[in-house]
file entry.cif (mmCIF, C-alpha atoms)
data_my_file
#
loop_
_atom_site.label_atom_id
_atom_site.label_comp_id
_atom_site.auth_asym_id
_atom_site.auth_seq_id
_atom_site.Cartn_x
_atom_site.Cartn_y
_atom_site.Cartn_z
CA MET P 10 0.00 0.00 0.00
CA THR P 11 1.39 3.40 -0.99
CA TYR P 12 0.54 6.94 0.09
CA LYS P 13 -1.20 7.39 -3.27
CA ASP P 14 -3.54 4.46 -2.56
CA ILE P 15 -4.40 5.92 0.83
CA ILE P 16 -4.75 9.56 -0.14
CA GLU P 17 -6.44 9.23 -3.52
CA PRO P 18 -10.09 9.13 -2.32
CA ILE P 19 -9.58 12.45 -0.52
CA ASP P 20 -7.00 14.58 -2.28
CA ILE P 21 -4.37 15.70 0.24
CA ASN P 22 -0.62 15.64 -0.17
CA ALA P 23 1.77 13.17 1.43
CA GLU P 24 3.06 15.74 3.92
CA ALA P 25 -0.44 16.45 5.17
CA PHE P 26 -1.20 12.75 5.41
CA ALA P 27 1.99 12.13 7.39
CA SER P 28 0.95 14.92 9.77
CA ILE P 29 -2.43 13.25 10.32
CA ILE P 30 -0.75 9.90 11.01
CA ARG P 31 1.59 11.56 13.52
CA SER P 32 -1.40 13.05 15.32
CA LEU P 33 -2.95 9.57 15.54
CA GLU P 34 0.29 8.17 16.93
CA GLU P 35 0.39 10.95 19.53
CA LYS P 36 -3.20 10.13 20.44
CA GLN P 37 -2.25 6.47 20.89
CA SER P 38 0.60 7.46 23.20
CA ARG P 39 -1.66 9.69 25.30
CA ASN P 40 -4.29 6.99 25.55
CA LYS P 41 -1.71 4.36 26.54
CA ILE P 42 -0.76 6.56 29.48
CA LYS P 43 -4.43 7.04 30.34
CA THR P 44 -5.00 3.27 30.08
CA SER P 45 -2.07 2.62 32.42
CA GLN P 46 -3.46 5.09 34.95
CA ILE P 47 -6.93 3.56 34.76
CA ARG P 48 -5.60 0.02 35.19
CA LYS P 49 -3.50 1.07 38.16
CA LYS P 50 -6.59 2.51 39.83
CA ILE P 51 -8.61 -0.64 39.07
CA TYR P 52 -6.00 -2.97 40.54
CA GLU P 53 -5.68 -0.79 43.63
CA ASP P 54 -9.43 -0.87 44.21
CA ILE P 55 -9.87 -4.57 43.36
CA PRO P 56 -6.78 -6.41 44.69
CA GLU P 57 -8.34 -9.77 43.83
CA LEU P 58 -7.53 -9.05 40.18
CA GLY P 59 -3.81 -9.10 40.92
CA GLU P 60 -4.19 -12.36 42.81
CA ILE P 61 -5.98 -13.91 39.84
CA ASP P 62 -3.26 -12.71 37.47
CA GLN P 63 -0.61 -14.36 39.63
CA LYS P 64 -2.55 -17.63 39.64
CA VAL P 65 -2.73 -17.51 35.84
CA ILE P 66 1.02 -16.89 35.63
CA ASP P 67 1.74 -19.81 37.98
CA LEU P 68 -0.62 -22.06 36.05
CA SER P 69 0.95 -21.11 32.72
CA ILE P 70 4.45 -21.84 33.97
CA ASP P 71 3.40 -25.20 35.37
CA PHE P 72 1.48 -26.04 32.20
CA TYR P 73 4.50 -25.62 29.96
CA SER P 74 6.78 -27.32 32.47
CA ASN P 75 4.52 -30.33 33.04
CA LYS P 76 2.27 -30.66 30.00
CA ASN P 77 1.73 -34.37 30.56
CA LYS P 78 -0.34 -33.82 33.69
CA TYR P 79 -2.92 -31.65 31.91
CA ASP P 80 -5.66 -33.04 29.68
CA LYS P 81 -6.99 -29.64 28.56
CA PRO P 82 -5.45 -26.79 26.57
CA LEU P 83 -4.17 -23.82 28.53
CA SER P 84 -6.95 -21.58 27.20
CA GLU P 85 -9.59 -23.79 28.82
CA LEU P 86 -7.69 -23.91 32.09
CA ILE P 87 -7.43 -20.13 32.18
CA ALA P 88 -11.06 -19.51 31.18
CA PRO P 89 -12.49 -19.71 34.75
CA TYR P 90 -9.99 -17.10 35.93
CA SER P 91 -10.91 -14.79 33.04
CA ALA P 92 -14.58 -15.24 33.87
CA LYS P 93 -13.91 -14.39 37.52
CA LYS P 94 -12.10 -11.19 36.52
CA LYS P 95 -15.04 -10.13 34.35
CA GLU P 96 -17.42 -10.87 37.20
CA LEU P 97 -15.40 -8.74 39.62
CA LEU P 98 -15.27 -5.88 37.13
CA ALA P 99 -18.96 -6.17 36.25
CA ASN P 100 -19.86 -5.86 39.93
CA SER P 101 -17.64 -2.81 40.34
CA SER P 102 -18.10 0.79 39.28
CA PHE P 103 -15.52 0.30 36.51
CA GLY P 104 -17.52 -2.05 34.29
CA GLU P 105 -16.83 -5.43 32.72
CA ASN P 106 -14.60 -4.11 29.92
CA ALA P 107 -12.61 -1.62 31.99
CA LEU P 108 -9.30 -3.41 31.35
CA ASP P 109 -9.69 -3.43 27.56
CA GLY P 110 -7.75 -0.20 27.17
CA TYR P 111 -8.78 3.40 26.52
CA CYS P 112 -9.08 4.75 22.98
CA ASP P 113 -11.05 7.44 21.16
CA CYS P 114 -12.00 5.22 18.22
CA LYS P 115 -13.30 1.77 19.12
CA LYS P 116 -13.11 0.60 15.51
CA CYS P 117 -9.36 0.94 14.94
CA HIS P 118 -8.09 1.77 18.45
CA ASP P 119 -6.73 5.09 17.14
CA LYS P 120 -4.52 3.45 14.51
CA GLY P 121 -6.43 4.91 11.57
CA PHE P 122 -6.63 1.54 9.82
CA ILE P 123 -8.70 -1.59 10.32
CA GLU P 124 -6.91 -4.85 9.59
CA HIS P 125 -8.66 -8.03 8.50
CA PHE P 126 -7.08 -11.39 9.30
CA ASP P 127 -7.36 -14.92 7.98
CA ALA P 128 -7.83 -18.00 10.17
CA GLU P 129 -4.08 -18.17 10.83
CA GLY P 130 -3.85 -14.58 11.99
CA ASN P 131 -2.26 -13.15 8.85
CA VAL P 132 -3.34 -9.73 7.62
CA ILE P 133 -5.24 -10.20 4.36
CA SER P 134 -6.57 -6.68 3.86
CA THR P 135 -6.47 -3.21 5.36
CA GLU P 136 -9.03 -0.45 5.13
CA LYS P 137 -9.02 3.15 6.26
CA CYS P 138 -11.08 3.74 9.38
CA THR P 139 -13.78 6.39 9.36
CA CYS P 140 -11.77 8.39 11.91
CA LEU P 141 -8.88 8.65 9.42
CA LEU P 142 -11.22 9.53 6.56
CA ASP P 143 -12.82 12.20 8.73
CA ALA P 144 -9.41 13.66 9.61
CA MET P 145 -8.40 13.72 5.93
CA ALA P 146 -11.70 15.31 4.90
CA ASN P 147 -11.44 17.91 7.66
CA TYR P 148 -7.91 18.78 6.57
CA ARG P 149 -8.99 19.28 2.97
CA LEU P 150 -12.05 21.25 4.02
CA LEU P 151 -9.89 23.54 6.16
CA ALA P 152 -7.34 23.92 3.37
CA ASN P 153 -10.09 24.79 0.90
CA SER P 154 -11.66 27.33 3.24
CA ARG P 155 -8.33 29.08 3.73
CA GLY P 156 -7.69 29.36 0.02
CA LEU P 157 -11.20 30.29 -1.13
CA SER P 158 -12.30 33.91 -1.18
CA ILE P 159 -15.98 34.81 -0.98
CA PRO P 160 -16.29 35.90 -4.65
CA GLU P 161 -14.91 32.49 -5.69
CA ALA P 162 -17.43 30.54 -3.62
CA SER P 163 -20.13 28.97 -5.77
CA PHE P 164 -22.12 25.81 -6.22
CA GLU P 165 -19.74 24.87 -9.02
CA SER P 166 -16.71 25.09 -6.71
CA PHE P 167 -18.45 23.21 -3.88
CA ASP P 168 -16.79 19.78 -3.62
CA LEU P 169 -18.86 16.97 -2.11
CA ASN P 170 -15.80 14.73 -2.04
CA VAL P 171 -14.56 16.39 1.15
CA PHE P 172 -17.35 14.55 2.96
CA SER P 173 -17.19 10.85 3.76
CA ASP P 174 -19.34 8.46 1.73
CA LYS P 175 -19.48 6.01 4.65
CA THR P 176 -22.74 5.75 6.55
CA SER P 177 -22.44 6.16 10.29
CA GLY P 178 -23.60 3.24 12.41
CA ALA P 179 -25.98 3.57 15.31
CA ASP P 180 -23.02 3.35 17.69
CA ASP P 181 -21.07 6.12 15.98
CA LEU P 182 -22.99 9.38 15.69
CA ARG P 183 -19.96 11.65 15.34
CA GLY P 184 -20.58 14.43 12.88
CA LEU P 185 -24.30 13.78 12.49
CA VAL P 186 -26.54 16.82 12.36
CA ALA P 187 -29.57 16.83 14.64
CA GLY P 188 -32.45 15.28 12.73
CA MET P 189 -30.19 13.88 10.02
CA ASP P 190 -31.24 10.56 8.50
CA LYS P 191 -28.73 8.11 10.00
CA SER P 192 -28.96 5.89 6.92
CA LEU P 193 -27.33 8.64 4.85
CA SER P 194 -23.61 9.18 4.52
CA PRO P 195 -22.33 12.72 5.22
CA ARG P 196 -21.73 13.11 1.47
CA ALA P 197 -25.29 12.07 0.58
CA TYR P 198 -26.67 14.36 3.26
CA MET P 199 -24.65 17.35 2.06
CA LYS P 200 -25.74 16.61 -1.51
CA GLU P 201 -29.36 17.01 -0.39
CA VAL P 202 -28.51 20.19 1.53
CA ALA P 203 -26.68 21.66 -1.48
CA ALA P 204 -29.64 20.85 -3.75
CA ASP P 205 -32.03 22.59 -1.35
CA PHE P 206 -29.84 25.70 -1.18
CA LYS P 207 -29.39 25.76 -4.94
CA TYR P 208 -33.15 25.60 -5.45
CA TYR P 209 -33.63 28.39 -2.90
CA VAL P 210 -31.06 30.65 -4.58
CA GLN P 211 -32.38 30.02 -8.08
CA ASN P 212 -35.95 30.75 -7.01
CA PHE P 213 -35.22 33.59 -4.64
CA ASP P 214 -37.57 36.57 -5.07
CA VAL P 215 -35.60 39.76 -4.57
CA ASN P 216 -38.84 41.59 -3.70
CA ASN P 217 -39.63 38.93 -1.11
CA THR P 218 -43.14 38.51 -2.54
#

call {"tool": "encode", "arguments": {"input": "entry.cif", "output": "structure tokens"}}
result
Amino acid sequence: MTYKDIIEPIDINAEAFASIIRSLEEKQSRNKIKTSQIRKKIYEDIPELGEIDQKVIDLSIDFYSNKNKYDKPLSELIAPYSAKKKELLANSSFGENALDGYCDCKKCHDKGFIEHFDAEGNVISTEKCTCLLDAMANYRLLANSRGLSIPEASFESFDLNVFSDKTSGADDLRGLVAGMDKSLSPRAYMKEVAADFKYYVQNFDVNNT
């Protein structure tokens, strides 16, 4: 995959794209620190979690040292401990998934890309996450607004491609306008808005009658 493949759907240069990727990496670093702080607090408040972790470590060491005495795979042996941790978290104020790690985007975990794997765990395809597409579109929109004077603004110069063509799911309402049809992509929605404005301008009565 090259920069051209990544950038082509939303026309920004490689330098701008690299800047966006750096901002995502910085976000990952900040969220790793936040995750560490959250986990420290959780383990302080629920000491049983640390005890369970130690039991899992001891079991894992013994499993690989004395495989012959076990008739189940390690994953099955560990499962009850994992279930107990979830139970402890679910009954706490932190919630069952509190140890999963903090991130702004649940789809890609702030990486900007979503990887798809085969049965053996090999990456078979990669797609840009909506958070990356949004960042690219926002960059282009900002760049366009800086370089466009009012006399140059027109329906002909209005570019729908700065808006994502991905529909937002029910669990991801970022960027949706109040009352907007959630089945529409931002691009489809803005196309309808532009059509309404164009009709209004073309049929505007200067005498307001």

call {"tool": "resolve_selection", "arguments": {"input": "entry.cif", "expression": "the PyMOL selection byres ((chain P and resi 124) around 9)", "output": "number ranges by chain"}}
result
P: 117, 122-123, 125-126, 132-137

call {"tool": "resolve_selection", "arguments": {"input": "entry.cif", "expression": "the PyMOL selection byres ((chain P and resi 112) around 12)", "output": "PyMOL selection string"}}
result
chain P and resi 33-45+107-111+113-121+140

call {"tool": "resolve_selection", "arguments": {"input": "entry.cif", "expression": "the PyMOL selection byres ((chain P and resi 83-88) around 9)", "output": "PDB file with C-alpha atoms, in the frame of the given file"}}
result
ATOM      1  CA  VAL P  65      -2.730 -17.510  35.840  1.00  0.00           C
ATOM      2  CA  LEU P  68      -0.620 -22.060  36.050  1.00  0.00           C
ATOM      3  CA  SER P  69       0.950 -21.110  32.720  1.00  0.00           C
ATOM      4  CA  PHE P  72       1.480 -26.040  32.200  1.00  0.00           C
ATOM      5  CA  TYR P  73       4.500 -25.620  29.960  1.00  0.00           C
ATOM      6  CA  TYR P  79      -2.920 -31.650  31.910  1.00  0.00           C
ATOM      7  CA  LYS P  81      -6.990 -29.640  28.560  1.00  0.00           C
ATOM      8  CA  PRO P  82      -5.450 -26.790  26.570  1.00  0.00           C
ATOM      9  CA  PRO P  89     -12.490 -19.710  34.750  1.00  0.00           C
ATOM     10  CA  TYR P  90      -9.990 -17.100  35.930  1.00  0.00           C
ATOM     11  CA  SER P  91     -10.910 -14.790  33.040  1.00  0.00           C
ATOM     12  CA  ALA P  92     -14.580 -15.240  33.870  1.00  0.00           C
ATOM     13  CA  LYS P  93     -13.910 -14.390  37.520  1.00  0.00           C
TER      14      LYS P  93
END

call {"tool": "atom_distance", "arguments": {"input": "entry.cif", "atom1": "CA of Lys64 (chain P)", "atom2": "CA of Lys78 (chain P)"}}
result
17.4 Å

call {"tool": "atom_distance", "arguments": {"input": "entry.cif", "atom1": "CA of Tyr148 (chain P)", "atom2": "CA of Arg31 (chain P)"}}
result
13.8 Å

call {"tool": "axis_aligned_box", "arguments": {"input": "entry.cif", "around": "region 134-139 of chain P", "padding_each_side": "6 Å", "output": "lines of an AutoDock Vina configuration file"}}
result
center_x = -10.1
center_y = -0.1
center_z = 6.6
size_x = 19.3
size_y = 25.1
size_z = 17.5

call {"tool": "atom_distance", "arguments": {"input": "entry.cif", "atom1": "CA of Lys200 (chain P)", "atom2": "CA of Ala146 (chain P)"}}
result
15.5 Å

call {"tool": "closest_residue", "arguments": {"input": "entry.cif", "among": "P:Ser32, P:Phe26, P:Ser101, P:Lys94", "to": "Gly59 (chain P)", "atoms": "all atoms listed in the file"}}
result
P:Lys94
